[in-house]
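*Asks:* This is entry39.txt, which holds compact mmCIF, C-alpha atoms:
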```txt
# COMPACT_ATOMS: atom_id res chain seq x y z
CA MET A 21 -25.26 34.04 43.04
CA THR A 22 -21.71 32.72 43.33
CA PRO A 23 -21.34 29.33 45.02
CA ALA A 24 -20.08 31.17 48.13
CA ASP A 25 -23.20 33.38 48.15
CA ARG A 26 -25.40 30.34 47.77
CA ALA A 27 -23.68 28.57 50.67
CA ARG A 28 -24.07 31.65 52.85
CA SER A 29 -27.75 31.94 51.96
CA GLU A 30 -28.37 28.25 52.69
CA ALA A 31 -26.59 28.53 56.02
CA ALA A 32 -28.75 31.56 56.90
CA GLN A 33 -31.90 29.64 56.01
CA ASP A 34 -30.81 26.62 58.08
CA ALA A 35 -30.21 28.90 61.03
CA ARG A 36 -33.67 30.43 60.58
CA VAL A 37 -35.34 27.01 60.50
CA ALA A 38 -33.42 25.90 63.58
CA ARG A 39 -34.43 29.09 65.42
CA THR A 40 -38.09 28.64 64.46
CA ARG A 41 -37.97 25.06 65.63
CA ALA A 42 -36.40 25.99 68.97
CA ASP A 43 -38.92 28.82 69.54
CA VAL A 44 -41.94 26.73 68.67
CA SER A 45 -40.65 23.76 70.63
CA ARG A 46 -40.24 25.82 73.83
CA ALA A 47 -43.69 27.38 73.34
CA ALA A 48 -45.24 23.92 72.78
CA LEU A 49 -43.75 22.59 76.03
CA LYS A 50 -45.06 25.66 77.86
CA VAL A 51 -48.60 25.07 76.54
CA LEU A 52 -48.42 21.34 77.26
CA THR A 53 -47.29 21.72 80.86
CA GLU A 54 -49.27 24.83 81.78
CA GLU A 55 -52.52 24.24 79.91
CA GLY A 56 -52.48 20.53 79.11
CA CYS A 57 -52.56 18.42 75.99
CA GLU A 58 -55.99 19.58 74.79
CA ALA A 59 -54.74 23.17 74.50
CA LEU A 60 -51.84 22.19 72.24
CA THR A 61 -53.52 22.96 68.90
CA HIS A 62 -51.96 24.61 65.83
CA ALA A 63 -54.08 27.76 66.30
CA HIS A 64 -53.23 28.23 69.97
CA LEU A 65 -49.56 27.38 69.57
CA ALA A 66 -49.23 29.83 66.65
CA GLU A 67 -50.56 32.57 68.93
CA ILE A 68 -48.28 31.69 71.86
CA ALA A 69 -45.14 31.14 69.76
CA GLY A 70 -45.70 34.19 67.55
CA TYR A 71 -45.53 32.31 64.23
CA SER A 72 -48.27 31.90 61.62
CA LYS A 73 -50.55 28.88 61.61
CA THR A 74 -49.33 28.22 58.04
CA THR A 75 -45.72 27.97 59.21
CA LEU A 76 -46.74 25.50 61.90
CA TYR A 77 -48.83 23.36 59.55
CA THR A 78 -46.01 23.33 56.98
CA HIS A 79 -43.37 21.99 59.38
CA TRP A 80 -45.54 20.01 61.81
CA PRO A 81 -48.79 18.97 60.11
CA ALA A 82 -50.21 16.60 62.76
CA ARG A 83 -51.14 17.19 66.39
CA LEU A 84 -48.75 14.40 67.34
CA ASP A 85 -45.95 16.46 65.73
CA LEU A 86 -46.75 19.30 68.13
CA ILE A 87 -46.60 16.97 71.11
CA MET A 88 -43.29 15.45 69.97
CA LEU A 89 -41.97 18.98 69.48
CA ALA A 90 -42.93 19.83 73.06
CA LEU A 91 -41.14 16.73 74.37
CA ASP A 92 -38.01 17.78 72.42
CA ALA A 93 -37.77 20.85 74.63
CA ILE A 94 -37.68 18.93 77.90
CA GLY A 95 -33.90 18.64 77.96
CA GLU A 96 -31.94 16.94 80.70
CA MET A 97 -33.81 15.86 83.81
CA PRO A 98 -32.37 17.27 87.03
CA HIS A 99 -30.62 14.70 89.23
CA GLN A 100 -29.05 14.55 92.68
CA GLU A 101 -25.23 14.88 92.96
CA ARG A 102 -23.72 11.70 94.44
CA SER A 103 -22.19 12.14 97.92
CA GLY A 104 -21.24 8.48 98.42
CA ASP A 105 -23.84 7.88 101.16
CA LEU A 106 -26.21 5.61 99.24
CA ARG A 107 -29.24 6.05 101.49
CA ALA A 108 -28.91 9.85 101.56
CA ASP A 109 -28.31 9.96 97.80
CA ILE A 110 -31.43 7.92 97.01
CA ILE A 111 -33.51 10.11 99.33
CA GLY A 112 -32.01 13.19 97.65
CA GLU A 113 -32.77 11.84 94.16
CA LEU A 114 -36.43 11.26 95.13
CA LYS A 115 -36.68 14.81 96.50
CA VAL A 116 -35.28 16.19 93.24
CA PHE A 117 -37.87 14.08 91.37
CA ARG A 118 -40.63 15.41 93.67
CA LYS A 119 -39.55 18.99 92.94
CA ALA A 120 -39.47 18.31 89.18
CA VAL A 121 -43.04 16.95 89.28
CA THR A 122 -44.20 20.39 90.40
CA GLU A 123 -41.79 22.63 88.53
CA LEU A 124 -41.63 20.80 85.21
CA ARG A 125 -45.16 19.35 85.55
CA LEU A 126 -43.76 15.85 85.03
CA ASP A 127 -47.21 14.49 85.96
CA HIS A 128 -48.69 16.14 82.84
CA ILE A 129 -45.81 15.02 80.66
CA LEU A 130 -45.95 11.42 81.91
CA SER A 131 -49.69 11.21 81.36
CA VAL A 132 -49.55 12.75 77.86
CA MET A 133 -46.86 10.27 76.88
CA ALA A 134 -48.89 7.35 78.29
CA GLN A 135 -51.97 8.57 76.44
CA TRP A 136 -50.31 8.65 73.03
CA ALA A 137 -48.15 5.58 73.47
CA SER A 138 -50.12 3.51 70.96
CA VAL A 139 -48.20 5.51 68.33
CA GLU A 140 -44.90 3.70 67.98
CA GLU A 141 -42.80 6.84 67.58
CA MET A 142 -44.24 8.20 70.83
CA ALA A 143 -43.69 4.91 72.64
CA ARG A 144 -40.01 5.12 71.65
CA VAL A 145 -39.60 8.71 72.83
CA ARG A 146 -41.48 7.94 76.06
CA ASN A 147 -39.27 4.94 76.80
CA ARG A 148 -36.14 7.02 76.25
CA ILE A 149 -37.30 9.93 78.41
CA ASN A 150 -38.43 7.63 81.21
CA SER A 151 -35.27 5.47 81.11
CA ASP A 152 -33.12 8.59 81.29
CA GLY A 153 -35.22 9.93 84.15
CA GLN A 154 -35.12 6.70 86.15
CA GLY A 155 -31.49 5.87 85.25
CA PRO A 156 -29.58 7.29 88.25
CA LEU A 157 -32.09 5.83 90.75
CA ARG A 158 -31.83 2.40 89.13
CA GLU A 159 -28.04 2.63 89.12
CA MET A 160 -27.89 3.45 92.83
CA LEU A 161 -30.32 0.65 93.72
CA GLY A 162 -28.24 -1.71 91.58
CA GLU A 163 -25.37 -1.32 94.07
CA VAL A 164 -27.32 -3.34 96.68
CA LEU A 165 -30.13 -5.13 94.83
CA ASP A 166 -30.46 -7.22 91.68
CA GLY A 167 -32.96 -9.30 89.68
CA PRO A 168 -36.67 -8.98 90.55
CA ARG A 169 -35.85 -7.05 93.76
CA LEU A 170 -34.03 -4.38 91.75
CA GLU A 171 -36.92 -4.19 89.24
CA ALA A 172 -39.42 -3.95 92.08
CA ALA A 173 -37.46 -1.34 94.03
CA ALA A 174 -37.01 0.94 90.99
CA SER A 175 -40.77 0.95 90.26
CA MET A 176 -41.62 1.27 93.95
CA LEU A 177 -39.43 4.30 94.60
CA THR A 178 -40.60 5.95 91.38
CA GLY A 179 -44.14 5.16 92.52
CA VAL A 180 -43.74 6.72 95.95
CA VAL A 181 -43.48 10.10 94.18
CA ALA A 182 -45.41 9.46 90.93
CA CYS A 183 -48.47 7.64 92.34
CA PRO A 184 -49.68 10.28 94.82
CA SER A 185 -49.11 12.90 92.15
CA LEU A 186 -50.94 11.11 89.32
CA MET A 187 -53.68 9.60 91.50
CA PHE A 188 -54.43 12.42 93.95
CA GLY A 189 -52.55 15.53 92.79
CA ASP A 190 -50.53 15.15 95.97
CA LEU A 191 -46.82 14.84 96.84
CA PRO A 192 -45.18 12.65 99.51
CA SER A 193 -43.73 14.31 102.62
CA ASP A 194 -40.03 13.93 103.52
CA ALA A 195 -41.06 11.35 106.14
CA VAL A 196 -42.86 9.24 103.51
CA ILE A 197 -39.88 9.37 101.13
CA GLU A 198 -37.53 8.37 103.95
CA ALA A 199 -39.84 5.54 105.02
CA ALA A 200 -39.95 4.27 101.41
CA VAL A 201 -36.17 4.17 101.15
CA GLY A 202 -36.06 2.46 104.56
CA LEU A 203 -38.36 -0.29 103.30
CA VAL A 204 -36.30 -0.89 100.17
CA LEU A 205 -32.71 -0.75 101.40
CA PRO A 206 -31.22 -3.66 103.37
CA ALA A 207 -31.19 -2.92 107.09
CA ASP A 208 -27.37 -2.81 107.48
CA GLY A 209 -27.50 0.96 107.38
CA ARG A 210 -26.06 1.50 103.90
CA MET B 17 -104.46 13.25 79.95
CA THR B 18 -105.60 12.14 83.41
CA PRO B 19 -103.05 12.59 86.23
CA ALA B 20 -102.41 8.82 86.06
CA ASP B 21 -101.67 9.04 82.31
CA ARG B 22 -99.33 11.95 82.93
CA ALA B 23 -97.46 10.04 85.63
CA ARG B 24 -97.09 7.04 83.32
CA SER B 25 -95.81 9.21 80.48
CA GLU B 26 -93.28 10.94 82.76
CA ALA B 27 -92.06 7.60 84.07
CA ALA B 28 -91.62 6.37 80.49
CA GLN B 29 -89.63 9.48 79.61
CA ASP B 30 -87.41 9.12 82.71
CA ALA B 31 -86.74 5.52 81.74
CA ARG B 32 -85.82 6.66 78.21
CA VAL B 33 -83.39 9.28 79.50
CA ALA B 34 -81.80 6.78 81.87
CA ARG B 35 -81.41 4.24 79.06
CA THR B 36 -79.84 6.83 76.74
CA ARG B 37 -77.45 7.84 79.49
CA ALA B 38 -76.44 4.24 80.18
CA ASP B 39 -75.94 3.49 76.46
CA VAL B 40 -73.90 6.61 75.78
CA SER B 41 -71.89 6.17 78.97
CA ARG B 42 -70.85 2.62 78.04
CA ALA B 43 -69.97 3.73 74.50
CA ALA B 44 -67.92 6.65 75.85
CA LEU B 45 -65.88 4.34 78.10
CA LYS B 46 -65.30 2.02 75.16
CA VAL B 47 -63.97 4.90 73.02
CA LEU B 48 -61.85 6.26 75.88
CA THR B 49 -60.17 2.95 76.68
CA GLU B 50 -59.84 1.57 73.14
CA GLU B 51 -59.06 4.72 71.17
CA GLY B 52 -57.94 7.22 73.81
CA CYS B 53 -59.10 10.60 74.99
CA GLU B 54 -58.55 12.42 71.67
CA ALA B 55 -61.08 10.17 69.94
CA LEU B 56 -63.81 10.98 72.46
CA THR B 57 -65.55 13.73 70.48
CA HIS B 58 -69.30 14.36 70.12
CA ALA B 59 -69.24 13.33 66.44
CA HIS B 60 -67.39 10.06 66.98
CA LEU B 61 -69.32 9.11 70.12
CA ALA B 62 -72.66 9.75 68.36
CA GLU B 63 -71.59 7.32 65.67
CA ILE B 64 -70.43 4.63 68.10
CA ALA B 65 -73.38 4.98 70.51
CA GLY B 66 -76.00 5.21 67.74
CA TYR B 67 -77.53 8.51 68.93
CA SER B 68 -77.64 11.84 67.11
CA LYS B 69 -75.00 14.49 67.70
CA THR B 70 -77.85 16.83 68.71
CA THR B 71 -78.92 14.47 71.51
CA LEU B 72 -75.37 14.30 72.78
CA TYR B 73 -74.84 18.07 72.67
CA THR B 74 -78.19 18.64 74.44
CA HIS B 75 -77.37 16.42 77.41
CA TRP B 76 -73.56 16.71 77.53
CA PRO B 77 -72.47 19.97 75.87
CA ALA B 78 -68.75 19.98 76.81
CA ARG B 79 -65.99 17.50 76.05
CA LEU B 80 -65.37 17.18 79.78
CA ASP B 81 -69.00 15.96 80.11
CA LEU B 82 -68.19 13.11 77.73
CA ILE B 83 -65.14 12.14 79.74
CA MET B 84 -67.08 12.25 83.03
CA LEU B 85 -69.77 10.13 81.37
CA ALA B 86 -67.15 7.55 80.39
CA LEU B 87 -65.82 7.43 83.96
CA ASP B 88 -69.40 6.85 85.21
CA ALA B 89 -69.42 3.54 83.35
CA ILE B 90 -66.31 2.17 85.08
CA GLY B 91 -68.26 0.57 87.92
CA GLU B 92 -66.68 -1.39 90.75
CA MET B 93 -63.00 -2.21 90.49
CA PRO B 94 -62.24 -5.91 90.72
CA HIS B 95 -60.53 -6.96 93.96
CA GLN B 96 -58.95 -10.07 95.46
CA GLU B 97 -61.06 -12.15 97.89
CA ARG B 98 -59.43 -12.26 101.34
CA SER B 99 -58.07 -15.68 102.38
CA GLY B 100 -56.59 -14.57 105.70
CA ASP B 101 -52.97 -15.00 104.55
CA LEU B 102 -51.91 -11.37 104.38
CA ARG B 103 -48.86 -11.83 102.16
CA ALA B 104 -50.73 -14.03 99.69
CA ASP B 105 -53.71 -11.66 99.69
CA ILE B 106 -51.58 -8.60 98.92
CA ILE B 107 -49.81 -10.46 96.11
CA GLY B 108 -53.23 -11.55 94.82
CA GLU B 109 -54.58 -7.99 94.95
CA LEU B 110 -51.60 -6.73 92.92
CA LYS B 111 -52.13 -9.45 90.31
CA VAL B 112 -55.81 -8.47 90.01
CA PHE B 113 -54.69 -4.86 89.56
CA ARG B 114 -52.16 -5.92 86.91
CA LYS B 115 -54.91 -7.78 85.02
CA ALA B 116 -57.24 -4.76 85.24
CA VAL B 117 -54.55 -2.50 83.76
CA THR B 118 -54.70 -4.58 80.59
CA GLU B 119 -58.37 -5.53 80.47
CA LEU B 120 -59.91 -2.24 81.63
CA ARG B 121 -57.04 -0.12 80.26
CA LEU B 122 -56.58 1.45 83.67
CA ASP B 123 -53.40 3.07 82.36
CA HIS B 124 -55.46 5.12 79.89
CA ILE B 125 -58.06 5.97 82.50
CA LEU B 126 -55.48 7.02 85.07
CA SER B 127 -53.68 9.24 82.59
CA VAL B 128 -56.87 10.88 81.29
CA MET B 129 -57.92 11.67 84.85
CA ALA B 130 -54.49 13.10 85.67
CA GLN B 131 -54.60 15.20 82.52
CA TRP B 132 -57.92 16.85 83.30
CA ALA B 133 -57.43 17.15 87.04
CA SER B 134 -57.12 20.94 86.95
CA VAL B 135 -60.92 20.90 86.60
CA GLU B 136 -62.20 20.61 90.18
CA GLU B 137 -65.07 18.27 89.33
CA MET B 138 -62.64 15.89 87.63
CA ALA B 139 -60.19 16.07 90.53
CA ARG B 140 -63.04 14.99 92.84
CA VAL B 141 -64.07 12.06 90.64
CA ARG B 142 -60.46 11.01 90.17
CA ASN B 143 -59.79 11.05 93.91
CA ARG B 144 -62.89 8.94 94.55
CA ILE B 145 -62.09 6.37 91.83
CA ASN B 146 -58.46 6.08 92.95
CA SER B 147 -59.31 5.86 96.67
CA ASP B 148 -61.82 3.10 95.94
CA GLY B 149 -59.28 1.31 93.77
CA GLN B 150 -56.47 1.53 96.32
CA GLY B 151 -58.74 0.95 99.36
CA PRO B 152 -58.38 -2.82 99.90
CA LEU B 153 -54.58 -2.70 99.44
CA ARG B 154 -54.28 0.15 101.93
CA GLU B 155 -56.51 -1.69 104.40
CA MET B 156 -54.41 -4.85 104.22
CA LEU B 157 -51.16 -2.90 104.63
CA GLY B 158 -52.74 -1.08 107.59
CA GLU B 159 -52.78 -4.36 109.51
CA VAL B 160 -48.99 -4.31 109.81
CA LEU B 161 -47.86 -0.75 109.00
CA ASP B 162 -48.90 2.76 110.02
CA GLY B 163 -47.91 6.42 109.59
CA PRO B 164 -45.39 7.31 106.88
CA ARG B 165 -44.51 3.64 106.34
CA LEU B 166 -48.14 2.84 105.51
CA GLU B 167 -48.35 5.86 103.16
CA ALA B 168 -45.09 4.85 101.50
CA ALA B 169 -46.04 1.17 101.16
CA ALA B 170 -49.44 1.94 99.56
CA SER B 171 -47.83 4.17 96.89
CA MET B 172 -44.94 1.75 96.39
CA LEU B 173 -47.11 -1.31 95.79
CA THR B 174 -49.43 0.67 93.53
CA GLY B 175 -46.30 1.89 91.74
CA VAL B 176 -44.87 -1.58 91.18
CA VAL B 177 -47.78 -2.20 88.78
CA ALA B 178 -48.65 1.33 87.64
CA CYS B 179 -45.14 2.68 86.94
CA PRO B 180 -43.95 0.06 84.42
CA SER B 181 -47.32 0.35 82.72
CA LEU B 182 -47.42 4.16 82.49
CA MET B 183 -43.70 4.63 81.86
CA PHE B 184 -42.86 1.74 79.54
CA GLY B 185 -46.16 0.09 78.52
CA ASP B 186 -44.92 -2.93 80.44
CA LEU B 187 -46.25 -5.08 83.30
CA PRO B 188 -44.32 -6.58 86.24
CA SER B 189 -43.73 -10.36 86.32
CA ASP B 190 -45.01 -12.48 89.23
CA ALA B 191 -41.44 -12.54 90.60
CA VAL B 192 -41.29 -8.72 90.64
CA ILE B 193 -44.67 -8.44 92.39
CA GLU B 194 -43.56 -11.02 94.99
CA ALA B 195 -40.24 -9.24 95.51
CA ALA B 196 -42.09 -5.94 96.04
CA VAL B 197 -44.35 -7.43 98.70
CA GLY B 198 -41.29 -9.03 100.30
CA LEU B 199 -39.59 -5.62 100.57
CA VAL B 200 -42.63 -3.99 102.16
CA LEU B 201 -43.88 -6.59 104.65
CA PRO B 202 -42.03 -7.14 107.93
CA ALA B 203 -39.81 -10.22 107.77
CA ASP B 204 -41.74 -12.27 110.34
CA GLY B 205 -43.43 -14.14 107.52
CA ARG B 206 -46.93 -12.63 107.90
```
Can you give me the file's structure in the form of structure tokens?
*Replies:*
Amino acid sequence: MTPADRARSEAAQDARVARTRADVSRAALKVLTEEGCEALTHAHLAEIAGYSKTTLYTHWPARLDLIMLALDAIGEMPHQERSGDLRADIIGELKVFRKAVTELRLDHILSVMAQWASVEEMARVRNRINSDGQGPLREMLGEVLDGPRLEAAASMLTGVVACPSLMFGDLPSDAVIEAAVGLVLPADGR
Amino acid sequence: MTPADRARSEAAQDARVARTRADVSRAALKVLTEEGCEALTHAHLAEIAGYSKTTLYTHWPARLDLIMLALDAIGEMPHQERSGDLRADIIGELKVFRKAVTELRLDHILSVMAQWASVEEMARVRNRINSDGQGPLREMLGEVLDGPRLEAAASMLTGVVACPSLMFGDLPSDAVIEAAVGLVLPADGR
């Protein structure tokens, strides 16, 4: 092989590895959200992703690797476009979050991450995903609240969607979301 | 055997089964909270509880049975004694909840229950445990709120403790709990 041949061959191999990773990662997220954490085994994932068990064990030997791989595929969380009306924007952001709980099974993802958080690497990934997810809400609340009230409000408005979902498999109605925002925002109508 | 002998022998056997169940149930909860759901296998539980794997498989053949058994051992949730000062009592109830998250690893328990909730039996048990847990808080809030505002406030105050714990492995400070109750309760000082 000439050096140019070798470079081409290495580039082709890199592309293959990246493609495998992307395929398996998407399949892992599908299994995690649709069937739950217990179903995310090497054998089952190999079947769903269409790769051999050996390939999976070579690249991702531990079960935690499979879970991290699934989390890699989550991508950007959907968020509400800002309109400038703070109250309406916060309500909109909570409705987008509510939709994502169902469509992306965020309840499953949140509980898997909590479950494995004693592993430091997972705790780091969880903190990043959750900070990104909660970021826009926290930023909007920060326009009118600060200190412990800002901390409290961010957890409370996350909780108005997350708690019914995690505790009862239920989602809040529009009226409940609006009431929650009404309790948190100062009464001057902003 | 006379009928009286038979009755005595059956009573002794019932007592043995009940004792085994209580022992294994406590051990299962210990594994679930200290080591997480993945560790709760027949082999590991047999070792921890000091019974044979065969005994465990005979009484509780599926992994879900082991998890349900662990949940059986949870018992009554701790709650705040009522003093009559609604604001102080709600703050006290949230601090008791915050303590239970750490001591009883309620974050683990909540996330295991959420994870397995596609199984109807688990969904039922989860709803009962969570309703019992949230009951006193909801009752107190019901003295001053109703309708969507009551719904919202119950999820929000649960969320002020549960969300930091599940999302970031963190607990709210006293100041954050007090700020949360301040946002939810009407301003007339009750």
*Asks:* To one decimal place, how far is atom CA of Arg98 of chain B from atom CA of Val141 of chain B in Å?
*Replies:* 27.0 Å
*Asks:* Pull out every residue of chain B sitting within 8 Å of chain A, counting all atoms listed in the file, and send them as a ChimeraX atom specification.
*Replies:* /B:52-53,123-124,126-128,130-133,139,142-143,146,164-165,167-169,171-180,182-185,191-193,195-196,199-200
*Asks:* List the neighbours of Gly91 of chain B out to 12 Å using only C-alpha atoms; skip same-chain residues closer than 4 positions along the sequence, and give me the result as a list in words.
*Replies:*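 Everything that qualifies: Ala38, Ser41, Arg42, Leu45, Leu85, Ala86, Leu87, Leu120, Arg144, Ile145, Asp148 and Gly149 of chain B.
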*Asks:* Between atom CA of Ala116 of chain B and atom CA of Asp88 of chain B, what is the spacing in Å?
*Replies:* 16.8 Å
*Asks:* May I ask for the distance between atom CA of His62 of chain A and atom CA of Ala78 of chain B, given in Å to one decimal place?
*Replies:*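 Spanning atom CA of His62 of chain A to atom CA of Ala78 of chain B is a straight-line distance of 20.6 Å.
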*Asks:* Once you add 5 Å to each side, what are the centre and edge lengths of the axis-aligned box holding all listed atoms of segment 39-42 of chain B? One decimal in Å, as lines of an AutoDock Vina configuration file, if you can.
*Replies:*
```
center_x = -73.4
center_y = 4.6
center_z = 77.4
size_x = 15.1
size_y = 14.0
size_z = 13.2
```
*Asks:* Please provide as a PyMOL selection string all residues within 9 Å of Leu102 of chain B, with the sequence filter that same-chain residues fewer than 5 positions apart are discarded (counting only C-alpha atoms).
*Replies:* chain B and resi 107+156-157+159+206
*Asks:* Smallest atom-to-atom distance to Ala43 of chain B: which of B:Met17, B:Ile83, B:Leu153, B:Ala28, using only C-alpha atoms?
*Replies:*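 Checking each of B:Met17, B:Ile83, B:Leu153, B:Ala28 against Ala43 of chain B, counting only C-alpha atoms, the winner is B:Ile83.
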